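Participant: Pasting model22.txt below, which is compact mmCIF, N, CA and C atoms.
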```txt
# COMPACT_ATOMS: atom_id res chain seq x y z
N GLU A 1 102.57 33.63 30.37
CA GLU A 1 102.71 33.52 28.92
C GLU A 1 102.82 32.06 28.48
N ARG A 2 103.56 31.25 29.24
CA ARG A 2 103.69 29.83 28.87
C ARG A 2 102.36 29.12 28.95
N GLU A 3 101.62 29.39 30.01
CA GLU A 3 100.33 28.71 30.17
C GLU A 3 99.35 29.10 29.08
N ILE A 4 99.31 30.37 28.73
CA ILE A 4 98.44 30.82 27.65
C ILE A 4 98.83 30.11 26.35
N ASP A 5 100.15 30.04 26.08
CA ASP A 5 100.61 29.35 24.87
C ASP A 5 100.23 27.88 24.90
N GLU A 6 100.26 27.26 26.08
CA GLU A 6 99.98 25.82 26.18
C GLU A 6 98.49 25.50 26.09
N ILE A 7 97.65 26.27 26.81
CA ILE A 7 96.23 25.89 26.89
C ILE A 7 95.29 26.85 26.16
N GLY A 8 95.80 27.98 25.68
CA GLY A 8 94.97 28.95 24.97
C GLY A 8 94.44 30.02 25.91
N ILE A 9 94.13 31.16 25.33
CA ILE A 9 93.73 32.32 26.13
C ILE A 9 92.42 32.08 26.88
N GLN A 10 91.44 31.47 26.24
CA GLN A 10 90.15 31.26 26.91
C GLN A 10 90.28 30.31 28.09
N SER A 11 91.02 29.22 27.90
CA SER A 11 91.21 28.29 29.01
C SER A 11 92.01 28.92 30.14
N ALA A 12 92.99 29.76 29.78
CA ALA A 12 93.78 30.44 30.81
C ALA A 12 92.92 31.44 31.59
N VAL A 13 92.03 32.14 30.89
CA VAL A 13 91.11 33.07 31.57
C VAL A 13 90.20 32.29 32.52
N GLN A 14 89.68 31.18 32.04
CA GLN A 14 88.80 30.33 32.86
C GLN A 14 89.54 29.85 34.12
N LYS A 15 90.75 29.38 33.93
CA LYS A 15 91.55 28.90 35.06
C LYS A 15 91.83 30.02 36.05
N ALA A 16 92.17 31.20 35.54
CA ALA A 16 92.43 32.34 36.42
C ALA A 16 91.19 32.73 37.21
N MET A 17 90.03 32.66 36.57
CA MET A 17 88.78 32.98 37.27
C MET A 17 88.52 31.98 38.40
N VAL A 18 88.73 30.72 38.13
CA VAL A 18 88.51 29.69 39.16
C VAL A 18 89.47 29.91 40.33
N LEU A 19 90.74 30.17 40.03
CA LEU A 19 91.73 30.40 41.09
C LEU A 19 91.39 31.64 41.90
N ALA A 20 90.97 32.71 41.22
CA ALA A 20 90.60 33.94 41.93
C ALA A 20 89.38 33.71 42.81
N LEU A 21 88.40 32.98 42.30
CA LEU A 21 87.20 32.69 43.07
C LEU A 21 87.54 31.86 44.31
N GLU A 22 88.39 30.87 44.14
CA GLU A 22 88.81 30.05 45.29
C GLU A 22 89.50 30.91 46.34
N LYS A 23 90.34 31.83 45.91
CA LYS A 23 91.06 32.70 46.83
C LYS A 23 90.09 33.62 47.58
N VAL A 24 89.15 34.20 46.87
CA VAL A 24 88.16 35.08 47.51
C VAL A 24 87.32 34.30 48.51
N GLU A 25 86.87 33.12 48.12
CA GLU A 25 86.05 32.32 49.03
C GLU A 25 86.83 31.93 50.28
N LYS A 26 88.08 31.65 50.12
CA LYS A 26 88.92 31.35 51.29
C LYS A 26 89.03 32.57 52.20
N MET A 27 89.19 33.73 51.59
CA MET A 27 89.32 34.97 52.37
C MET A 27 88.04 35.31 53.13
N ILE A 28 86.89 35.11 52.48
CA ILE A 28 85.62 35.47 53.14
C ILE A 28 85.05 34.33 53.97
N GLY A 29 85.62 33.14 53.81
CA GLY A 29 85.19 32.01 54.62
C GLY A 29 83.87 31.39 54.23
N LYS A 30 83.43 31.63 53.01
CA LYS A 30 82.18 31.00 52.54
C LYS A 30 82.14 31.04 51.02
N LYS A 31 81.22 30.25 50.46
CA LYS A 31 81.03 30.21 49.02
C LYS A 31 80.38 31.52 48.55
N ALA A 32 80.81 32.00 47.41
CA ALA A 32 80.21 33.21 46.84
C ALA A 32 78.75 32.97 46.52
N ASP A 33 77.94 34.00 46.72
CA ASP A 33 76.51 33.90 46.46
C ASP A 33 76.17 34.06 44.98
N TYR A 34 76.87 34.96 44.32
CA TYR A 34 76.48 35.35 42.97
C TYR A 34 77.71 35.89 42.25
N LEU A 35 77.87 35.55 40.98
CA LEU A 35 79.03 36.02 40.21
C LEU A 35 78.58 36.90 39.06
N LEU A 36 79.23 38.03 38.92
CA LEU A 36 79.08 38.88 37.74
C LEU A 36 80.31 38.63 36.89
N ILE A 37 80.10 38.25 35.64
CA ILE A 37 81.20 37.89 34.76
C ILE A 37 81.25 38.89 33.62
N ASP A 38 82.42 39.50 33.44
CA ASP A 38 82.62 40.47 32.37
C ASP A 38 82.89 39.72 31.07
N GLY A 39 81.91 39.73 30.20
CA GLY A 39 82.05 39.05 28.91
C GLY A 39 81.04 37.93 28.78
N VAL A 40 80.68 37.66 27.55
CA VAL A 40 79.67 36.63 27.31
C VAL A 40 80.26 35.33 26.77
N ASN A 41 81.54 35.35 26.38
CA ASN A 41 82.14 34.14 25.82
C ASN A 41 82.95 33.36 26.85
N VAL A 42 82.65 33.58 28.13
CA VAL A 42 83.32 32.88 29.22
C VAL A 42 82.40 31.78 29.72
N GLU A 43 82.97 30.60 29.93
CA GLU A 43 82.16 29.50 30.44
C GLU A 43 81.72 29.79 31.87
N LEU A 44 80.57 29.26 32.22
CA LEU A 44 80.09 29.42 33.59
C LEU A 44 80.95 28.61 34.54
N LEU A 45 80.99 29.06 35.78
CA LEU A 45 81.82 28.40 36.78
C LEU A 45 80.96 27.55 37.70
N GLY A 46 80.92 26.28 37.42
CA GLY A 46 80.24 25.34 38.32
C GLY A 46 78.78 25.65 38.58
N GLU A 47 78.41 25.51 39.84
CA GLU A 47 77.01 25.62 40.26
C GLU A 47 76.63 27.01 40.75
N TYR A 48 77.39 28.00 40.40
CA TYR A 48 77.14 29.36 40.88
C TYR A 48 76.03 30.04 40.09
N SER A 49 75.27 30.88 40.78
CA SER A 49 74.35 31.77 40.10
C SER A 49 75.21 32.88 39.50
N THR A 50 75.04 33.11 38.21
CA THR A 50 75.90 34.07 37.53
C THR A 50 75.13 34.93 36.56
N MET A 51 75.74 36.06 36.22
CA MET A 51 75.25 36.89 35.14
C MET A 51 76.46 37.27 34.30
N LYS A 52 76.41 36.93 33.02
CA LYS A 52 77.45 37.35 32.09
C LYS A 52 77.02 38.68 31.50
N ILE A 53 77.94 39.64 31.49
CA ILE A 53 77.61 40.98 31.02
C ILE A 53 78.60 41.39 29.95
N SER A 54 78.12 41.60 28.74
CA SER A 54 78.97 42.09 27.67
C SER A 54 79.42 43.50 28.02
N LYS A 55 80.71 43.76 27.93
CA LYS A 55 81.31 45.05 28.30
C LYS A 55 80.89 45.44 29.71
N GLY A 56 81.01 44.46 30.61
CA GLY A 56 80.55 44.64 31.99
C GLY A 56 81.14 45.82 32.70
N ASP A 57 82.39 46.19 32.35
CA ASP A 57 83.01 47.33 33.02
C ASP A 57 82.30 48.65 32.69
N LEU A 58 81.50 48.67 31.64
CA LEU A 58 80.72 49.87 31.30
C LEU A 58 79.36 49.89 31.98
N HIS A 59 78.95 48.73 32.53
CA HIS A 59 77.59 48.61 33.03
C HIS A 59 77.46 48.29 34.51
N HIS A 60 78.56 47.93 35.15
CA HIS A 60 78.45 47.53 36.56
C HIS A 60 79.66 48.03 37.34
N TYR A 61 79.39 48.73 38.44
CA TYR A 61 80.47 49.35 39.22
C TYR A 61 81.50 48.35 39.73
N SER A 62 81.05 47.20 40.19
CA SER A 62 82.03 46.25 40.75
C SER A 62 82.93 45.68 39.67
N ILE A 63 82.40 45.49 38.46
CA ILE A 63 83.25 45.03 37.36
C ILE A 63 84.20 46.14 36.95
N SER A 64 83.73 47.38 36.93
CA SER A 64 84.59 48.52 36.63
C SER A 64 85.74 48.61 37.62
N ALA A 65 85.42 48.48 38.90
CA ALA A 65 86.45 48.56 39.94
C ALA A 65 87.47 47.42 39.78
N ALA A 66 86.99 46.22 39.53
CA ALA A 66 87.89 45.08 39.34
C ALA A 66 88.77 45.30 38.12
N SER A 67 88.21 45.87 37.08
CA SER A 67 88.97 46.13 35.86
C SER A 67 90.09 47.14 36.13
N ILE A 68 89.79 48.17 36.91
CA ILE A 68 90.81 49.17 37.25
C ILE A 68 91.91 48.54 38.08
N LEU A 69 91.53 47.75 39.09
CA LEU A 69 92.54 47.08 39.92
C LEU A 69 93.42 46.16 39.09
N ALA A 70 92.82 45.43 38.18
CA ALA A 70 93.59 44.50 37.33
C ALA A 70 94.55 45.27 36.43
N LYS A 71 94.09 46.39 35.87
CA LYS A 71 94.95 47.17 34.99
C LYS A 71 96.11 47.78 35.77
N VAL A 72 95.85 48.31 36.94
CA VAL A 72 96.93 48.89 37.76
C VAL A 72 97.94 47.82 38.12
N ASP A 73 97.46 46.64 38.51
CA ASP A 73 98.36 45.54 38.85
C ASP A 73 99.19 45.13 37.63
N ARG A 74 98.55 45.01 36.48
CA ARG A 74 99.26 44.65 35.26
C ARG A 74 100.28 45.71 34.89
N ASP A 75 99.90 46.98 34.98
CA ASP A 75 100.83 48.07 34.67
C ASP A 75 102.06 48.02 35.57
N ASN A 76 101.84 47.78 36.85
CA ASN A 76 102.97 47.67 37.79
C ASN A 76 103.87 46.48 37.44
N LEU A 77 103.25 45.37 37.04
CA LEU A 77 104.02 44.20 36.61
C LEU A 77 104.85 44.54 35.37
N MET A 78 104.26 45.26 34.43
CA MET A 78 104.99 45.61 33.22
C MET A 78 106.14 46.56 33.52
N ILE A 79 105.98 47.43 34.50
CA ILE A 79 107.08 48.31 34.91
C ILE A 79 108.23 47.46 35.46
N GLN A 80 107.90 46.45 36.25
CA GLN A 80 108.94 45.54 36.75
C GLN A 80 109.62 44.79 35.59
N TYR A 81 108.81 44.31 34.63
CA TYR A 81 109.38 43.62 33.47
C TYR A 81 110.27 44.56 32.66
N SER A 82 109.94 45.85 32.63
CA SER A 82 110.75 46.79 31.85
C SER A 82 112.17 46.88 32.38
N LYS A 83 112.33 46.63 33.68
CA LYS A 83 113.68 46.65 34.27
C LYS A 83 114.46 45.41 33.85
N LYS A 84 113.77 44.29 33.71
CA LYS A 84 114.41 43.04 33.33
C LYS A 84 114.62 42.96 31.81
N TYR A 85 113.70 43.54 31.05
CA TYR A 85 113.74 43.51 29.59
C TYR A 85 113.63 44.94 29.05
N PRO A 86 114.69 45.75 29.20
CA PRO A 86 114.60 47.18 28.88
C PRO A 86 114.42 47.51 27.40
N ASN A 87 114.70 46.59 26.50
CA ASN A 87 114.62 46.89 25.07
C ASN A 87 113.21 47.09 24.54
N TYR A 88 112.21 46.72 25.30
CA TYR A 88 110.84 46.68 24.76
C TYR A 88 109.96 47.86 25.19
N GLY A 89 110.43 48.71 26.08
CA GLY A 89 109.65 49.88 26.50
C GLY A 89 108.38 49.53 27.25
N PHE A 90 108.38 48.40 27.96
CA PHE A 90 107.18 47.97 28.67
C PHE A 90 106.64 49.03 29.64
N GLU A 91 107.53 49.87 30.18
CA GLU A 91 107.08 50.90 31.13
C GLU A 91 106.25 51.97 30.42
N ARG A 92 106.35 52.04 29.10
CA ARG A 92 105.58 53.01 28.33
C ARG A 92 104.40 52.38 27.59
N ASN A 93 104.59 51.17 27.05
CA ASN A 93 103.52 50.58 26.23
C ASN A 93 102.76 49.47 26.94
N MET A 94 103.21 49.11 28.13
CA MET A 94 102.58 48.07 28.96
C MET A 94 102.34 46.76 28.22
N GLY A 95 103.16 46.54 27.18
CA GLY A 95 103.06 45.29 26.44
C GLY A 95 102.02 45.28 25.33
N TYR A 96 101.32 46.40 25.16
CA TYR A 96 100.33 46.47 24.09
C TYR A 96 101.05 46.62 22.75
N GLY A 97 100.37 46.27 21.69
CA GLY A 97 100.97 46.24 20.36
C GLY A 97 101.15 47.61 19.74
N THR A 98 101.80 48.50 20.44
CA THR A 98 102.09 49.82 19.89
C THR A 98 103.17 49.70 18.82
N LYS A 99 103.35 50.75 18.05
CA LYS A 99 104.41 50.75 17.04
C LYS A 99 105.76 50.52 17.72
N GLU A 100 105.99 51.18 18.86
CA GLU A 100 107.24 51.01 19.59
C GLU A 100 107.48 49.53 19.94
N HIS A 101 106.43 48.88 20.43
CA HIS A 101 106.55 47.49 20.83
C HIS A 101 106.79 46.59 19.63
N MET A 102 106.05 46.82 18.55
CA MET A 102 106.23 46.00 17.34
C MET A 102 107.63 46.20 16.76
N ASP A 103 108.11 47.44 16.77
CA ASP A 103 109.47 47.70 16.27
C ASP A 103 110.51 46.97 17.12
N ALA A 104 110.32 46.97 18.45
CA ALA A 104 111.26 46.27 19.34
C ALA A 104 111.21 44.77 19.10
N LEU A 105 110.02 44.23 18.88
CA LEU A 105 109.91 42.80 18.58
C LEU A 105 110.69 42.45 17.31
N LYS A 106 110.55 43.29 16.30
CA LYS A 106 111.26 43.04 15.04
C LYS A 106 112.77 43.15 15.23
N LYS A 107 113.19 44.13 16.02
CA LYS A 107 114.62 44.37 16.21
C LYS A 107 115.28 43.34 17.12
N PHE A 108 114.62 43.02 18.25
CA PHE A 108 115.23 42.18 19.27
C PHE A 108 114.66 40.76 19.34
N GLY A 109 113.55 40.53 18.64
CA GLY A 109 112.87 39.25 18.77
C GLY A 109 112.14 39.20 20.10
N PRO A 110 111.37 38.15 20.34
CA PRO A 110 110.61 38.06 21.59
C PRO A 110 111.51 37.77 22.78
N CYS A 111 111.12 38.28 23.94
CA CYS A 111 111.81 37.94 25.18
C CYS A 111 111.00 36.84 25.88
N LYS A 112 111.45 36.47 27.04
CA LYS A 112 110.85 35.34 27.76
C LYS A 112 109.35 35.52 28.04
N ILE A 113 108.90 36.76 28.26
CA ILE A 113 107.50 36.95 28.65
C ILE A 113 106.54 37.08 27.48
N HIS A 114 107.05 37.14 26.26
CA HIS A 114 106.16 37.23 25.11
C HIS A 114 105.45 35.90 24.87
N ARG A 115 104.16 36.00 24.55
CA ARG A 115 103.38 34.80 24.22
C ARG A 115 103.72 34.36 22.80
N ARG A 116 104.25 33.17 22.68
CA ARG A 116 104.66 32.67 21.37
C ARG A 116 103.47 32.40 20.45
N SER A 117 102.29 32.24 21.02
CA SER A 117 101.10 31.96 20.22
C SER A 117 100.46 33.24 19.66
N TYR A 118 100.92 34.40 20.08
CA TYR A 118 100.39 35.68 19.61
C TYR A 118 100.97 35.97 18.22
N LYS A 119 100.11 36.24 17.26
CA LYS A 119 100.52 36.33 15.85
C LYS A 119 101.74 37.22 15.61
N PRO A 120 101.80 38.46 16.11
CA PRO A 120 103.00 39.29 15.86
C PRO A 120 104.28 38.67 16.43
N VAL A 121 104.17 37.97 17.54
CA VAL A 121 105.35 37.31 18.12
C VAL A 121 105.73 36.12 17.25
N LYS A 122 104.74 35.34 16.84
CA LYS A 122 104.99 34.19 15.95
C LYS A 122 105.76 34.61 14.71
N GLU A 123 105.36 35.76 14.18
CA GLU A 123 105.99 36.24 12.94
C GLU A 123 107.45 36.62 13.15
N CYS A 124 107.82 36.94 14.39
CA CYS A 124 109.21 37.32 14.69
C CYS A 124 110.10 36.13 14.95
N ILE A 125 109.50 34.98 15.22
CA ILE A 125 110.29 33.80 15.57
C ILE A 125 110.84 33.12 14.33
```
Let me see the structure of the file written as structure tokens.
Facilitator:
Amino acid sequence: EREIDEIGIQSAVQKAMVLALEKVEKMIGKKADYLLIDGVNVELLGEYSTMKISKGDLHHYSISAASILAKVDRDNLMIQYSKKYPNYGFERNMGYGTKEHMDALKKFGPCKIHRRSYKPVKECI
């Protein structure tokens, strides 16, 4: 959340992609041959052959699988956060802007993991 607030969501996504790519390349012991990128507003990564795919999770199995893995990981993280920050119902809303979440933000204000640059959080500060 701090990094997103500091550098912006697009730059944070770009940085996360670079870090993930470096980790994968280290695991497989070679440079990736080709990248499929979910979304068209993401900058290309260096000298890689790439294809940007709008709504890629609807059109390509590997992007769909990665999307599922990312969501499951995020959901598990939110369940852990719900134990640390029980007032927000993260185990039920996974941090999405549900009515429950917005009501909790208004009642309790943002907690440490809320992005201060996100408009509904800004309005609570």
Participant: Could you tell me how far atom N of Tyr48 in chain A lies from atom C of Ala65 in chain A, in Å and to one decimal?
Facilitator: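 Rounded to one decimal, the two atoms are 21.9 Å apart.
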Participant: Write out as a list in words the set of residues from chain A that DSSP, computed on the backbone, places in strand (DSSP E).
Facilitator: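 Listing strand (DSSP E) positions across chain A yields Tyr34, Leu35, Leu36, Ile37, Asp38, Ser49, Thr50, Met51, Lys52 and Ile53 of chain A.
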Participant: Which value, in Å to one decimal, gives the distance between CA of Lys31 in chain A and CA of Met17 in chain A?
Facilitator: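 One can read the CA of Lys31 in chain A to CA of Met17 in chain A distance as 14.3 Å.
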Participant: Rounded to one decimal, what separation in Å do you get between CA of His59 in chain A and CA of Ser11 in chain A?
Facilitator: 24.8 Å
Participant: List the neighbours of Tyr85 in chain A out to 8 Å using all atoms listed in the file; skip same-chain residues closer than 6 positions along the sequence, and give me the result as an MDAnalysis selection string.
Facilitator: chainID A and resid 91 111:112
Participant: Restricting the calculation to only C-alpha atoms: of A:Tyr61, A:Lys83, A:Val121, A:Ile37, which residue gets closest to His101 in chain A?
Facilitator: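 Going through A:Tyr61, A:Lys83, A:Val121, A:Ile37 one by one, the smallest distance to His101 in chain A is for A:Val121.
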Participant: With 9 Å as the threshold, what does the neighbourhood of (81.2, 35.3, 30.4) contain in terms of residues, counting only C-alpha atoms? Coordinates are those of the file; answer as a ChimeraX atom specification.
Facilitator: /A:36-44,50-54
Participant: Could you give me, as a list in words, the residues within 8 Å of Ser117 in chain A, counting only N, CA and C atoms and dropping anything in the same chain fewer than 6 positions from it?
Facilitator: Glu1, Ile4, Asp5, Glu6 and Glu123 of chain A
Participant: Using N, CA and C atoms, can you export the residues from the last selection as a PDB file, keeping the file's coordinate frame?
Facilitator:
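New file selection03.pdb:
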```pdb
ATOM      1  N   GLU A   1     102.570  33.630  30.370  1.00  0.00           N
ATOM      2  CA  GLU A   1     102.710  33.520  28.920  1.00  0.00           C
ATOM      3  C   GLU A   1     102.820  32.060  28.480  1.00  0.00           C
ATOM      4  N   ILE A   4      99.310  30.370  28.730  1.00  0.00           N
ATOM      5  CA  ILE A   4      98.440  30.820  27.650  1.00  0.00           C
ATOM      6  C   ILE A   4      98.830  30.110  26.350  1.00  0.00           C
ATOM      7  N   ASP A   5     100.150  30.040  26.080  1.00  0.00           N
ATOM      8  CA  ASP A   5     100.610  29.350  24.870  1.00  0.00           C
ATOM      9  C   ASP A   5     100.230  27.880  24.900  1.00  0.00           C
ATOM     10  N   GLU A   6     100.260  27.260  26.080  1.00  0.00           N
ATOM     11  CA  GLU A   6      99.980  25.820  26.180  1.00  0.00           C
ATOM     12  C   GLU A   6      98.490  25.500  26.090  1.00  0.00           C
ATOM     13  N   GLU A 123     105.360  35.760  14.180  1.00  0.00           N
ATOM     14  CA  GLU A 123     105.990  36.240  12.940  1.00  0.00           C
ATOM     15  C   GLU A 123     107.450  36.620  13.150  1.00  0.00           C
TER      16      GLU A 123
END
```
Participant: Residues at most 12 Å from Ser82 in chain A, counting only C-alpha atoms, excluding those fewer than 2 positions away in the same chain, as a list of chain:residue names?
Facilitator: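 Once the nearby chain positions are removed, what remains is A:Asp75, A:Asn76, A:Leu77, A:Met78, A:Ile79, A:Gln80, A:Lys84, A:Tyr85, A:Pro86, A:Asn87, A:Tyr88, A:Gly89, A:Phe90, A:Glu91, A:Arg92, A:Asn93, A:Met94, A:Gly95, A:His101, A:Cys111, A:Ile113.
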Participant: Between A:Leu58, A:Leu45, A:Met102, A:Leu69, which residue has the minimum interatomic distance to Val13 in chain A, considering only C-alpha atoms?
Facilitator: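 Under the stated criterion, the closest residue is A:Leu45.
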Participant: Give me range 20-31 of chain A with all heavy atoms filled in, as a PDB file, in the frame of the given file.
Facilitator:
```pdb
ATOM      1  N   ALA A  20      90.970  32.710  41.220  1.00  0.00           N
ATOM      2  CA  ALA A  20      90.600  33.940  41.930  1.00  0.00           C
ATOM      3  C   ALA A  20      89.380  33.710  42.810  1.00  0.00           C
ATOM      4  O   ALA A  20      89.325  34.164  43.959  1.00  0.00           O
ATOM      5  CB  ALA A  20      90.318  35.056  40.919  1.00  0.00           C
ATOM      6  N   LEU A  21      88.400  32.980  42.300  1.00  0.00           N
ATOM      7  CA  LEU A  21      87.200  32.690  43.070  1.00  0.00           C
ATOM      8  C   LEU A  21      87.540  31.860  44.310  1.00  0.00           C
ATOM      9  O   LEU A  21      87.050  32.148  45.415  1.00  0.00           O
ATOM     10  CB  LEU A  21      86.187  31.954  42.194  1.00  0.00           C
ATOM     11  CG  LEU A  21      84.851  31.618  42.826  1.00  0.00           C
ATOM     12  CD1 LEU A  21      84.141  32.861  43.346  1.00  0.00           C
ATOM     13  CD2 LEU A  21      83.977  30.889  41.810  1.00  0.00           C
ATOM     14  N   GLU A  22      88.390  30.870  44.140  1.00  0.00           N
ATOM     15  CA  GLU A  22      88.810  30.050  45.290  1.00  0.00           C
ATOM     16  C   GLU A  22      89.500  30.910  46.340  1.00  0.00           C
ATOM     17  O   GLU A  22      89.269  30.753  47.546  1.00  0.00           O
ATOM     18  CB  GLU A  22      89.740  28.920  44.833  1.00  0.00           C
ATOM     19  CG  GLU A  22      89.028  27.826  44.055  1.00  0.00           C
ATOM     20  CD  GLU A  22      89.985  26.827  43.426  1.00  0.00           C
ATOM     21  OE1 GLU A  22      91.229  27.023  43.493  1.00  0.00           O
ATOM     22  OE2 GLU A  22      89.492  25.840  42.849  1.00  0.00           O
ATOM     23  N   LYS A  23      90.340  31.830  45.910  1.00  0.00           N
ATOM     24  CA  LYS A  23      91.060  32.700  46.830  1.00  0.00           C
ATOM     25  C   LYS A  23      90.090  33.620  47.580  1.00  0.00           C
ATOM     26  O   LYS A  23      90.193  33.774  48.802  1.00  0.00           O
ATOM     27  CB  LYS A  23      92.094  33.529  46.068  1.00  0.00           C
ATOM     28  CG  LYS A  23      92.983  34.358  46.953  1.00  0.00           C
ATOM     29  CD  LYS A  23      94.079  35.026  46.137  1.00  0.00           C
ATOM     30  CE  LYS A  23      95.011  35.800  47.049  1.00  0.00           C
ATOM     31  NZ  LYS A  23      96.133  36.396  46.318  1.00  0.00           N
ATOM     32  N   VAL A  24      89.150  34.200  46.870  1.00  0.00           N
ATOM     33  CA  VAL A  24      88.160  35.080  47.510  1.00  0.00           C
ATOM     34  C   VAL A  24      87.320  34.300  48.510  1.00  0.00           C
ATOM     35  O   VAL A  24      87.089  34.759  49.633  1.00  0.00           O
ATOM     36  CB  VAL A  24      87.270  35.766  46.453  1.00  0.00           C
ATOM     37  CG1 VAL A  24      86.060  36.427  47.091  1.00  0.00           C
ATOM     38  CG2 VAL A  24      88.078  36.791  45.664  1.00  0.00           C
ATOM     39  N   GLU A  25      86.870  33.120  48.120  1.00  0.00           N
ATOM     40  CA  GLU A  25      86.050  32.320  49.030  1.00  0.00           C
ATOM     41  C   GLU A  25      86.830  31.930  50.280  1.00  0.00           C
ATOM     42  O   GLU A  25      86.262  31.908  51.380  1.00  0.00           O
ATOM     43  CB  GLU A  25      85.503  31.090  48.311  1.00  0.00           C
ATOM     44  CG  GLU A  25      84.434  31.438  47.294  1.00  0.00           C
ATOM     45  CD  GLU A  25      83.900  30.256  46.527  1.00  0.00           C
ATOM     46  OE1 GLU A  25      84.588  29.218  46.426  1.00  0.00           O
ATOM     47  OE2 GLU A  25      82.780  30.375  46.013  1.00  0.00           O
ATOM     48  N   LYS A  26      88.080  31.650  50.120  1.00  0.00           N
ATOM     49  CA  LYS A  26      88.920  31.350  51.290  1.00  0.00           C
ATOM     50  C   LYS A  26      89.030  32.570  52.200  1.00  0.00           C
ATOM     51  O   LYS A  26      88.935  32.459  53.425  1.00  0.00           O
ATOM     52  CB  LYS A  26      90.301  30.876  50.843  1.00  0.00           C
ATOM     53  CG  LYS A  26      91.189  30.419  51.971  1.00  0.00           C
ATOM     54  CD  LYS A  26      92.508  29.869  51.456  1.00  0.00           C
ATOM     55  CE  LYS A  26      93.362  29.393  52.628  1.00  0.00           C
ATOM     56  NZ  LYS A  26      94.637  28.865  52.181  1.00  0.00           N
ATOM     57  N   MET A  27      89.190  33.730  51.590  1.00  0.00           N
ATOM     58  CA  MET A  27      89.320  34.970  52.370  1.00  0.00           C
ATOM     59  C   MET A  27      88.040  35.310  53.130  1.00  0.00           C
ATOM     60  O   MET A  27      88.094  35.740  54.278  1.00  0.00           O
ATOM     61  CB  MET A  27      89.701  36.144  51.461  1.00  0.00           C
ATOM     62  CG  MET A  27      91.125  36.089  50.966  1.00  0.00           C
ATOM     63  SD  MET A  27      91.523  37.325  49.698  1.00  0.00           S
ATOM     64  CE  MET A  27      91.005  38.832  50.449  1.00  0.00           C
ATOM     65  N   ILE A  28      86.890  35.110  52.480  1.00  0.00           N
ATOM     66  CA  ILE A  28      85.620  35.470  53.140  1.00  0.00           C
ATOM     67  C   ILE A  28      85.050  34.330  53.970  1.00  0.00           C
ATOM     68  O   ILE A  28      84.087  34.519  54.717  1.00  0.00           O
ATOM     69  CB  ILE A  28      84.573  36.001  52.130  1.00  0.00           C
ATOM     70  CG1 ILE A  28      84.155  34.919  51.125  1.00  0.00           C
ATOM     71  CG2 ILE A  28      85.086  37.244  51.425  1.00  0.00           C
ATOM     72  CD1 ILE A  28      83.024  35.326  50.200  1.00  0.00           C
ATOM     73  N   GLY A  29      85.620  33.140  53.810  1.00  0.00           N
ATOM     74  CA  GLY A  29      85.190  32.010  54.620  1.00  0.00           C
ATOM     75  C   GLY A  29      83.870  31.390  54.230  1.00  0.00           C
ATOM     76  O   GLY A  29      83.246  30.697  55.047  1.00  0.00           O
ATOM     77  N   LYS A  30      83.430  31.630  53.010  1.00  0.00           N
ATOM     78  CA  LYS A  30      82.180  31.000  52.540  1.00  0.00           C
ATOM     79  C   LYS A  30      82.140  31.040  51.020  1.00  0.00           C
ATOM     80  O   LYS A  30      82.920  31.739  50.372  1.00  0.00           O
ATOM     81  CB  LYS A  30      80.960  31.695  53.114  1.00  0.00           C
ATOM     82  CG  LYS A  30      80.727  33.104  52.630  1.00  0.00           C
ATOM     83  CD  LYS A  30      79.414  33.658  53.163  1.00  0.00           C
ATOM     84  CE  LYS A  30      79.039  34.922  52.396  1.00  0.00           C
ATOM     85  NZ  LYS A  30      77.660  35.282  52.568  1.00  0.00           N
ATOM     86  N   LYS A  31      81.220  30.250  50.460  1.00  0.00           N
ATOM     87  CA  LYS A  31      81.030  30.210  49.020  1.00  0.00           C
ATOM     88  C   LYS A  31      80.380  31.520  48.550  1.00  0.00           C
ATOM     89  O   LYS A  31      79.510  32.069  49.225  1.00  0.00           O
ATOM     90  CB  LYS A  31      80.135  29.020  48.662  1.00  0.00           C
ATOM     91  CG  LYS A  31      79.955  28.811  47.189  1.00  0.00           C
ATOM     92  CD  LYS A  31      79.135  27.570  46.894  1.00  0.00           C
ATOM     93  CE  LYS A  31      78.906  27.491  45.398  1.00  0.00           C
ATOM     94  NZ  LYS A  31      78.049  26.413  45.001  1.00  0.00           N
TER      95      LYS A  31
END
```
